[in-house]
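*Asks:* Structure provided below as structure tokens; questions to follow.
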Amino acid sequence: MESIPTTVTGGCLCEGVRYQIDFAPDHDWENTPNTCQCTQCRKMTGSLVGTFHTVKTTELTWLAKATYAEYASSPGCRRAFCRTCGSSIGFIDLAVEGDIALTVGGFDERFLVGARDARDRPLGAWGVALAHPRGHFYVRNEIEGVTDGDGGKGQRFWKGRKEGPMDEDKSS
Ligand SMILES: [Zn+2]
Ligand SMILES: [Zn+2]
């Protein structure tokens, strides 16, 4: 099993939105995925910690888009979702041209977990490359005793990636 996948598929719960990612040779595996604990990501994903894998739009092919919708969540920012099943698809910062941060929970199971053996144990896939965070945004919203232990390794940013990274003193 290669440590980095070349192609991944994903989409929403009802399959009205489906996509394929063909990772470019220069895909930025060092700096994505990332978590975000801002209130908007929480409400959009329904999770206390949202995890996103950023890809170039040139790496992304929409296989189905019938129920795709976007919500203008703040000036210059859009959140993609499925208007039928409500799945969160991703985050688009219009100031960062050509990027979309996809919700990693939308990636298909065989890429995150892998096939299973006869005892139902996963055989492994690309979960670390696809979903293990390299950076953490908006840690100012960490919930003590709940999400403050979820950081793992990677740089921490007090607010979005524009403010930070934090120095060691501040993050301890
Ligand atoms: Zn859907
Ligand atoms: Zn956020």
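Chain labels A, B, ... are given in the sequence in which chains occur in the structure tokens; within each chain residues are numbered consecutively from 1, and ligands are likewise numbered from 1 in the order shown.
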For chain A versus ligand 1, which residues have an atom no more than 7 Å away, and what is each residue's nearest atom pair and distance in Å rounded to one decimal, using only C-alpha atoms and all ligand atoms, chain-then-number order, as a Markdown table?

*Replies:*
| residue | atom | partner | partner_atom_place_in_ligand_line | distance |
| --- | --- | --- | --- | --- |
| A:Cys12 | CA | ligand 1 | 1 (Zn) | 4.5 |
| A:Leu13 | CA | ligand 1 | 1 (Zn) | 4.9 |
| A:Cys14 | CA | ligand 1 | 1 (Zn) | 3.8 |
| A:Glu15 | CA | ligand 1 | 1 (Zn) | 5.2 |
| A:Gly16 | CA | ligand 1 | 1 (Zn) | 4.7 |
| A:Val17 | CA | ligand 1 | 1 (Zn) | 5.8 |
| A:Thr67 | CA | ligand 1 | 1 (Zn) | 6.5 |
| A:Cys82 | CA | ligand 1 | 1 (Zn) | 4.6 |
| A:Arg83 | CA | ligand 1 | 1 (Zn) | 6.6 |
| A:Thr84 | CA | ligand 1 | 1 (Zn) | 5.0 |
| A:Cys85 | CA | ligand 1 | 1 (Zn) | 4.1 |
| A:Gly86 | CA | ligand 1 | 1 (Zn) | 6.1 |
| A:Ser87 | CA | ligand 1 | 1 (Zn) | 5.9 |

*Asks:* Could the residues in this selection be saved with C-alpha atoms as a PDB file, in the first residue's frame?

*Replies:*
ATOM      1  CA  CYS A  12     -22.444  13.405   0.057  1.00  0.00           C
ATOM      2  CA  LEU A  13     -24.710  10.946   1.807  1.00  0.00           C
ATOM      3  CA  CYS A  14     -27.377  10.764  -0.925  1.00  0.00           C
ATOM      4  CA  GLU A  15     -24.790  10.703  -3.753  1.00  0.00           C
ATOM      5  CA  GLY A  16     -26.314  13.735  -5.453  1.00  0.00           C
ATOM      6  CA  VAL A  17     -22.846  15.225  -5.132  1.00  0.00           C
ATOM      7  CA  THR A  67     -27.854  18.733  -5.580  1.00  0.00           C
ATOM      8  CA  CYS A  82     -25.823  19.020  -0.585  1.00  0.00           C
ATOM      9  CA  ARG A  83     -29.248  20.572  -0.552  1.00  0.00           C
ATOM     10  CA  THR A  84     -30.968  17.158  -0.436  1.00  0.00           C
ATOM     11  CA  CYS A  85     -29.171  15.277   2.345  1.00  0.00           C
ATOM     12  CA  GLY A  86     -27.443  18.209   4.046  1.00  0.00           C
ATOM     13  CA  SER A  87     -23.916  16.805   3.885  1.00  0.00           C
TER      14      SER A  87
END

*Asks:* Do you know which residues are within 8 Å of ligand 2 using only C-alpha atoms and all ligand atoms? Can you write them as a ChimeraX atom specification?

*Replies:* /A:35-42,50,137-138,160

*Asks:* Each residue of stretch 114-163 of chain A lying at most 8 Å from stretch 30-34 of chain A should get a row with its shortest atom-to-atom pair and the distance in Å to one decimal, counting only C-alpha atoms; could you produce that, ordered by chain and increasing number, as a tab-separated table?

*Replies:*
residue	atom	partner	partner_atom	distance
A:Leu130	CA	A:Pro33	CA	6.7
A:Ala131	CA	A:Pro33	CA	5.9
A:His132	CA	A:Pro33	CA	6.5
A:Pro133	CA	A:Asn34	CA	4.8
A:Arg134	CA	A:Asn34	CA	5.7
A:Gly135	CA	A:Asn34	CA	4.8
A:His136	CA	A:Asn34	CA	5.6
A:Phe137	CA	A:Asn34	CA	7.1

*Asks:* Restricted to N, CA and C atoms, what would the selected residues look like written as a CSV table (one decimal), in the first residue's frame?

*Replies:*
chain,number,residue,atom,x,y,z
A,130,LEU,N,-4.6,11.4,4.2
A,130,LEU,CA,-5.8,12.1,3.8
A,130,LEU,C,-6.4,12.9,4.9
A,131,ALA,N,-6.3,12.4,6.2
A,131,ALA,CA,-7.1,13.0,7.2
A,131,ALA,C,-6.4,13.3,8.5
A,132,HIS,N,-5.1,12.9,8.7
A,132,HIS,CA,-4.4,13.3,9.9
A,132,HIS,C,-4.0,14.7,9.9
A,133,PRO,N,-4.4,15.6,10.8
A,133,PRO,CA,-4.2,17.0,10.6
A,133,PRO,C,-2.7,17.4,10.7
A,134,ARG,N,-2.3,18.3,9.8
A,134,ARG,CA,-1.0,18.9,9.8
A,134,ARG,C,-1.0,20.3,10.5
A,135,GLY,N,-2.2,20.9,10.6
A,135,GLY,CA,-2.3,22.2,11.2
A,135,GLY,C,-3.7,22.4,11.9
A,136,HIS,N,-3.7,23.3,12.7
A,136,HIS,CA,-5.0,23.5,13.5
A,136,HIS,C,-5.4,25.0,13.5
A,137,PHE,N,-6.5,25.3,13.0
A,137,PHE,CA,-7.0,26.7,12.9
A,137,PHE,C,-8.0,26.9,14.0

*Asks:* I need the residues of chain A that end up classed as helix (DSSP H, G or I) by DSSP on the backbone, written out as a JSON list (two decimals) with N, CA and C atoms, in the first residue's frame.

*Replies:*
[["chain", "number", "residue", "atom", "x", "y", "z"],
["A", 39, "THR", "N", -16.66, 28.64, 15.00],
["A", 39, "THR", "CA", -18.08, 28.36, 15.18],
["A", 39, "THR", "C", -18.76, 28.05, 13.86],
["A", 40, "GLN", "N", -18.35, 28.71, 12.78],
["A", 40, "GLN", "CA", -18.97, 28.44, 11.48],
["A", 40, "GLN", "C", -18.69, 27.01, 11.02],
["A", 41, "CYS", "N", -17.44, 26.56, 11.17],
["A", 41, "CYS", "CA", -17.13, 25.17, 10.78],
["A", 41, "CYS", "C", -17.88, 24.18, 11.66],
["A", 42, "ARG", "N", -18.01, 24.52, 12.95],
["A", 42, "ARG", "CA", -18.76, 23.64, 13.83],
["A", 42, "ARG", "C", -20.21, 23.50, 13.38],
["A", 43, "LYS", "N", -20.83, 24.61, 13.11],
["A", 43, "LYS", "CA", -22.25, 24.55, 12.73],
["A", 43, "LYS", "C", -22.44, 23.89, 11.37],
["A", 44, "MET", "N", -21.51, 24.19, 10.45],
["A", 44, "MET", "CA", -21.64, 23.64, 9.10],
["A", 44, "MET", "C", -21.44, 22.12, 9.09],
["A", 45, "THR", "N", -20.45, 21.64, 9.87],
["A", 45, "THR", "CA", -20.14, 20.21, 9.82],
["A", 45, "THR", "C", -20.89, 19.43, 10.89],
["A", 57, "THR", "N", -8.61, 23.16, -7.43],
["A", 57, "THR", "CA", -9.78, 22.83, -8.23],
["A", 57, "THR", "C", -9.38, 22.09, -9.51],
["A", 58, "THR", "N", -8.12, 22.24, -9.92],
["A", 58, "THR", "CA", -7.63, 21.51, -11.09],
["A", 58, "THR", "C", -7.44, 20.02, -10.78],
["A", 59, "GLU", "N", -7.38, 19.68, -9.50],
["A", 59, "GLU", "CA", -7.25, 18.27, -9.09],
["A", 59, "GLU", "C", -8.62, 17.61, -8.91],
["A", 104, "VAL", "N", -13.15, 15.98, 5.14],
["A", 104, "VAL", "CA", -12.56, 14.65, 4.93],
["A", 104, "VAL", "C", -13.55, 13.52, 5.20],
["A", 105, "GLY", "N", -14.59, 13.82, 5.99],
["A", 105, "GLY", "CA", -15.61, 12.80, 6.22],
["A", 105, "GLY", "C", -16.38, 12.43, 4.97],
["A", 106, "GLY", "N", -16.27, 13.26, 3.94],
["A", 106, "GLY", "CA", -16.92, 12.97, 2.66],
["A", 106, "GLY", "C", -16.15, 11.99, 1.79],
["A", 109, "GLU", "N", -15.19, 5.49, 2.17],
["A", 109, "GLU", "CA", -14.64, 4.66, 3.24],
["A", 109, "GLU", "C", -13.43, 3.85, 2.81],
["A", 110, "ARG", "N", -13.44, 3.37, 1.58],
["A", 110, "ARG", "CA", -12.32, 2.50, 1.17],
["A", 110, "ARG", "C", -10.99, 3.25, 1.12],
["A", 111, "PHE", "N", -11.05, 4.60, 1.02],
["A", 111, "PHE", "CA", -9.81, 5.37, 1.02],
["A", 111, "PHE", "C", -9.38, 5.74, 2.44],
["A", 112, "LEU", "N", -10.34, 5.89, 3.34],
["A", 112, "LEU", "CA", -10.03, 6.26, 4.72],
["A", 112, "LEU", "C", -9.72, 5.04, 5.59],
["A", 127, "GLY", "N", -5.67, 6.78, 5.37],
["A", 127, "GLY", "CA", -6.26, 7.67, 6.37],
["A", 127, "GLY", "C", -5.30, 8.73, 6.89],
["A", 128, "VAL", "N", -4.04, 8.35, 7.11],
["A", 128, "VAL", "CA", -3.10, 9.33, 7.65],
["A", 128, "VAL", "C", -2.83, 10.43, 6.64],
["A", 129, "ALA", "N", -2.54, 10.06, 5.41],
["A", 129, "ALA", "CA", -2.25, 11.07, 4.39],
["A", 129, "ALA", "C", -3.46, 11.97, 4.14],
["A", 130, "LEU", "N", -4.64, 11.37, 4.15],
["A", 130, "LEU", "CA", -5.84, 12.13, 3.79],
["A", 130, "LEU", "C", -6.42, 12.93, 4.94],
["A", 131, "ALA", "N", -6.30, 12.42, 6.15],
["A", 131, "ALA", "CA", -7.12, 12.98, 7.23],
["A", 131, "ALA", "C", -6.38, 13.32, 8.52],
["A", 139, "VAL", "N", -7.78, 27.69, 17.22],
["A", 139, "VAL", "CA", -7.70, 26.99, 18.49],
["A", 139, "VAL", "C", -8.18, 27.86, 19.65],
["A", 140, "ARG", "N", -8.44, 29.14, 19.38],
["A", 140, "ARG", "CA", -9.01, 29.99, 20.44],
["A", 140, "ARG", "C", -10.39, 29.48, 20.86],
["A", 141, "ASN", "N", -10.98, 28.62, 20.04],
["A", 141, "ASN", "CA", -12.30, 28.06, 20.37],
["A", 141, "ASN", "C", -12.24, 26.66, 20.96],
["A", 168, "GLU", "N", 5.57, 28.76, 20.78],
["A", 168, "GLU", "CA", 5.46, 27.64, 21.74],
["A", 168, "GLU", "C", 4.85, 28.11, 23.07],
["A", 169, "ASP", "N", 5.20, 29.32, 23.50],
["A", 169, "ASP", "CA", 4.71, 29.81, 24.79],
["A", 169, "ASP", "C", 3.18, 29.90, 24.80],
["A", 170, "LYS", "N", 2.69, 30.45, 23.71],
["A", 170, "LYS", "CA", 1.26, 30.69, 23.63],
["A", 170, "LYS", "C", 0.47, 29.38, 23.52],
["A", 171, "SER", "N", 1.08, 28.38, 22.89],
["A", 171, "SER", "CA", 0.33, 27.16, 22.60],
["A", 171, "SER", "C", 0.39, 26.17, 23.76]]

*Asks:* So, with only C-alpha atoms as the atoms that count, which of A:Gly11, A:Lys153, A:Val55, A:Ala69 lies closest to A:Gly98?

*Replies:*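 Looking at the shortest contact to A:Gly98, the residue is A:Val55.
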
*Asks:* If you run DSSP on the backbone here, which positions in chain A get strand (DSSP E or B)? Please write them as a PyMOL selection string.

*Replies:* chain A and resi 7-11+17-22+34-36+50-56+60-65+68-74+77-82+88-93+99-103+107+116+122+135-137+155-156

*Asks:* Please produce a file of the residues just selected, as a CSV table (one decimal), in the first residue's frame, where the atoms kept are C-alpha atoms.

*Replies:*
chain,number,residue,atom,x,y,z
A,7,THR,CA,-6.9,9.1,-6.8
A,8,VAL,CA,-9.7,9.4,-4.2
A,9,THR,CA,-13.5,9.6,-4.6
A,10,GLY,CA,-16.0,11.0,-2.2
A,11,GLY,CA,-19.3,12.8,-2.0
A,17,VAL,CA,-22.8,15.2,-5.1
A,18,ARG,CA,-19.9,13.0,-6.1
A,19,TYR,CA,-16.3,14.0,-6.9
A,20,GLN,CA,-12.9,12.5,-7.8
A,21,ILE,CA,-9.6,13.9,-6.7
A,22,ASP,CA,-6.6,13.2,-8.9
A,34,ASN,CA,-6.2,20.9,8.8
A,35,THR,CA,-8.7,21.1,11.6
A,36,CYS,CA,-10.8,24.1,12.3
A,50,GLY,CA,-13.9,20.1,11.5
A,51,THR,CA,-11.2,18.4,9.4
A,52,PHE,CA,-10.6,19.6,5.9
A,53,HIS,CA,-8.2,18.5,3.1
A,54,THR,CA,-7.4,21.3,0.7
A,55,VAL,CA,-7.1,20.5,-3.0
A,56,LYS,CA,-6.7,22.6,-6.1
A,60,LEU,CA,-11.0,18.0,-8.6
A,61,THR,CA,-13.6,16.5,-11.0
A,62,TRP,CA,-17.3,16.7,-10.1
A,63,LEU,CA,-18.8,13.3,-11.0
A,64,ALA,CA,-22.3,14.5,-9.9
A,65,LYS,CA,-23.4,17.9,-8.9
A,68,TYR,CA,-24.7,20.9,-5.0
A,69,ALA,CA,-25.3,24.2,-3.4
A,70,GLU,CA,-23.2,26.9,-1.8
A,71,TYR,CA,-23.9,29.2,1.2
A,72,ALA,CA,-22.2,32.6,1.5
A,73,SER,CA,-21.2,32.2,5.1
A,74,SER,CA,-19.1,35.3,5.4
A,77,CYS,CA,-16.3,32.7,1.8
A,78,ARG,CA,-18.6,30.0,0.7
A,79,ARG,CA,-19.6,26.7,2.1
A,80,ALA,CA,-20.5,23.9,-0.2
A,81,PHE,CA,-23.2,21.4,0.8
A,82,CYS,CA,-25.8,19.0,-0.6
A,88,SER,CA,-21.2,19.3,4.3
A,89,ILE,CA,-18.9,19.2,1.2
A,90,GLY,CA,-16.3,21.9,1.7
A,91,PHE,CA,-15.1,25.4,2.3
A,92,ILE,CA,-14.2,27.9,-0.4
A,93,ASP,CA,-12.2,31.1,0.4
A,99,ASP,CA,-8.5,26.0,-3.8
A,100,ILE,CA,-11.3,24.1,-2.1
A,101,ALA,CA,-11.1,22.6,1.4
A,102,LEU,CA,-13.0,19.4,1.3
A,103,THR,CA,-14.5,17.9,4.4
A,107,PHE,CA,-14.1,10.8,1.4
A,116,ARG,CA,-11.7,-5.6,5.6
A,122,PRO,CA,-9.7,-2.9,8.3
A,135,GLY,CA,-2.3,22.2,11.2
A,136,HIS,CA,-5.0,23.5,13.5
A,137,PHE,CA,-7.0,26.7,12.9
A,155,GLN,CA,1.2,24.1,13.8
A,156,ARG,CA,-1.5,25.8,15.8

*Asks:* Name the closest residue to A:Val96 among the candidates A:Gly46, A:Ala118, A:Gly154, A:Arg161; distances are taken between atoms, counting only C-alpha atoms.

*Replies:*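 Among the listed residues, A:Arg161 lies closest to A:Val96.
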
*Asks:* Calculate how many Å separate atom CA of A:Trp126 from atom CA of A:Ser47, rounding to one decimal.

*Replies:*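 Computed distance, atom CA of A:Trp126 to atom CA of A:Ser47, equals 21.8 Å.
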